[in-house]
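Take a look at the structure set out below.
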Amino acid sequence: MLSWAIRRLLLMIPMLFGISLINFAIINFSDPTRTSAANADGRVDPSQSVEAGEAERIFRQTFNLDKPAFFNTRYNIEDDEILWRLMTAQRVYALPSARTGNLKVLEDYGRTIVPHLVRLAKKGRDRKCDYDSYNERWKAERSVWLKHDRPIGDIEWPPPADAPAFDEAFQEIVLELALHRLYANAPRRAHVKYGGGLSKEDAAYNREVRAEQRNLKTLFLEGLKDEEGRRSALAGWSAWSEGHADEWEYSFWRKTEMLFFETRFARYWKRLVSFDLGDSFLYRTPVSTLIWERLHISLILSFGSLILAYLIAVPLGILSARTHGSASDRVVSIALFAMYALPTMFLGILLRDWFATQLGWFPVSKFKGSGYDDMTVVEQFKDVAWHTTLPLITMTVGSLAYLSRYMKSGLIENLRADYVRTARAKGLSEFVVTMRHAVRNSLIPIITLLGASLPAIIGGSVIVEVVFDIDGMGKLGWQAVLRQDYAVILGINILAAILTMVGVFLTDLFYALLDPRISYK
């Protein structure tokens with residue numbers, strides 16, 4: 001049995017790996033900017049637009065979407081590619097998707113392209129445009145270069161090699177675009193930690209980052225003044241880049257580390273192994289903290305409902321099996337299926353309106369009272385029981401019918417078995433024959449349902465928690481879906497997968513404990 005249990009636990013590792021791959025695929029195909037920022041008539045709501053931007057920022061930061069998916073070869077980026085993306089992002093007649101796409105790629109490159117931008121800025125000042133290098137990409141287009149969002153003029157591509165006006169315009173544009181992009185990409189980002197204070201190392205790092213940001217902002221503002229200001233800013237950026245030159249010196253080991261470990265997949269697994277599920281943009285709190293704070297509420301509701309359902313359904317199933325076809329069996333069956341036909345939301349609202357709103361016997365909502373922290377242990381238990389009575393009834397009623405039917409059908413089949421007739425022939429009482437022999441084997445189908453019910457700790461209480469305004473896992477997942485809080489959704493998905501595997505493991509274990517014919521070697 002022990003060796004079997006170890007093998008089953010080890011098998012959970014590749015299963016969890018496969019589930020994590022599915023989550024990884026979901027992350028990479030998701031778009032947090034789909035959070036609705038527009039009304040039905042197409043007008044943008046500024047508050048929702050800001051929220052969508054913040055959601056995207058936290059989402060990209062949490063899942064490292066500024067990194068390549070599996071292999072990072074950004075140490076091989078060429079100056080020509082950076083120049084082409086800079087120009088495409090500012091071109092008048094380029095498709096909006098091409099402009100925003102290239103702008104997003106430039107943002108994702110981060111500090112990696114700082115040396116390229118400095119070289120392009122210098123080339124723009126000191127040399128003419130290398131037409132042959134860019135002709136292959138742009139030869140089929142007629143473009144208008146922008147300077148301060150104004151067209152410089154209609155220029156046919158490729159231009160004649162002796163076009164000094166074009167060279168001058170080109171040089172100015174390259175310089176300005178490179179200086180603007182340097183200020184966007186060069187500054188480091190401060191560490192942000194939700195749900196707790198920063199460590200001393202993070203605080204020191206943030207002070208260093210803020211000082212660097214102030215210095216780089218000075219260079220940026222200097223470049224906005226005039227021709228002389230741009231020359232001064234370029235000199236400042238060159239000096240700053242040379243002072244950080246070791247950051248862009250790629251040795252063999254540095255390239256190997258960057259190739260395999262500075263990727264989305266590697267960072268994702270690093271976070272997953274350390275149980276870091278990211279941050280929720282909706283609550284500004286780590287997802288693991290949110291789950292931990294709400295998990296015990298859903299555990300109490302789900303396990304409480306499960307225990308009540310089994311305590312009621314199993315005796316009802318035994319009674320129905322022993323009195324099969326009688327009037328009491330028909331009455332129990334009709335009552336159970338009538339309760340099973342009631343939708344959970346309808347039943348919850350009905351109980352809440354009758355017994356909470358009108359009669360005032362129970363609280364309308366919440367898991368505990370306002371003065372819970374000041375109560376004694378006994379008073380806290382009574383308070384939770386009082387608040388959870390209606391939710392537990394709502395969750396229990398629907399499961400009574402099928403649990404009792406499973407128990408009834410299994411017991412009827414076992415009462416007709418040969419070993420039951422043998423036990424009766426030995427002179428055992430009907431109570432002993434039923435409870436000691438038949439019932440034990442009839443519990444196997446019920447145990448199967450018990451293992452499958454573990455994931456319902458998360459998803460099964462969604463409706464009940466929403467109706468009674470209980471801050472559990474179900475309500476957390478529901479709000480995350482409505483507000484597209486991807487980190488919370490994926491964290492709950494991983495937890496549900498783990499509970500599913502644990503449920504299957506416990507089901508197989510209970511099989512061997514209940515049925516001596518089953519053994520694992």
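Labeling convention for the structure tokens: chains A, B, ... as they appear, residues from 1 per chain, ligands from 1 in order of appearance.
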Next on the checklist: I need the residues in stretch 204-444 of chain A that are strand (DSSP E) according to DSSP; give them as JSON, numbers by chain.
Outcome noted: {"A": [279, 280, 285, 286]}
Can you check which parts of stretch 183-269 of chain A lie within 12 Å of stretch 116-121 of chain A? Per residue, the shortest pair of atoms and distance in Å to one decimal, counting only C-alpha atoms, sorted by chain and number, as a tab-separated table.
```
residue	atom	partner	partner_atom	distance
A:Tyr183	CA	A:Leu117	CA	10.4
A:Ala184	CA	A:Leu117	CA	11.3
A:Asn185	CA	A:Leu117	CA	9.7
A:Ala186	CA	A:Leu117	CA	10.0
A:Gly223	CA	A:Ala121	CA	11.8
A:Arg230	CA	A:Ala121	CA	9.9
A:Arg231	CA	A:Ala121	CA	9.8
A:Ala233	CA	A:Ala121	CA	10.4
A:Leu234	CA	A:Ala121	CA	7.3
A:Ala235	CA	A:Val118	CA	9.5
A:Gly236	CA	A:Val118	CA	10.3
A:Trp237	CA	A:Val118	CA	7.0
A:Ser238	CA	A:Val118	CA	6.4
A:Ala239	CA	A:Val118	CA	10.0
A:Trp240	CA	A:Val118	CA	10.0
A:Ser241	CA	A:Val118	CA	7.7
A:Glu242	CA	A:Val118	CA	10.0
A:Ala245	CA	A:Val118	CA	11.8
A:Trp248	CA	A:His116	CA	10.4
```
Next on the checklist: I'd like to know which of A:Leu177, A:Leu277, A:Ala266, A:Leu411 is closest to A:Leu495, using only C-alpha atoms.
Outcome noted: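 Under the stated criterion, the closest residue is A:Leu277.
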Checklist entry - For A:Leu272, which residue among A:Arg330, A:Leu392, A:Ser288, A:Lys104 is the nearest when counting only C-alpha atoms? => result A:Ser288
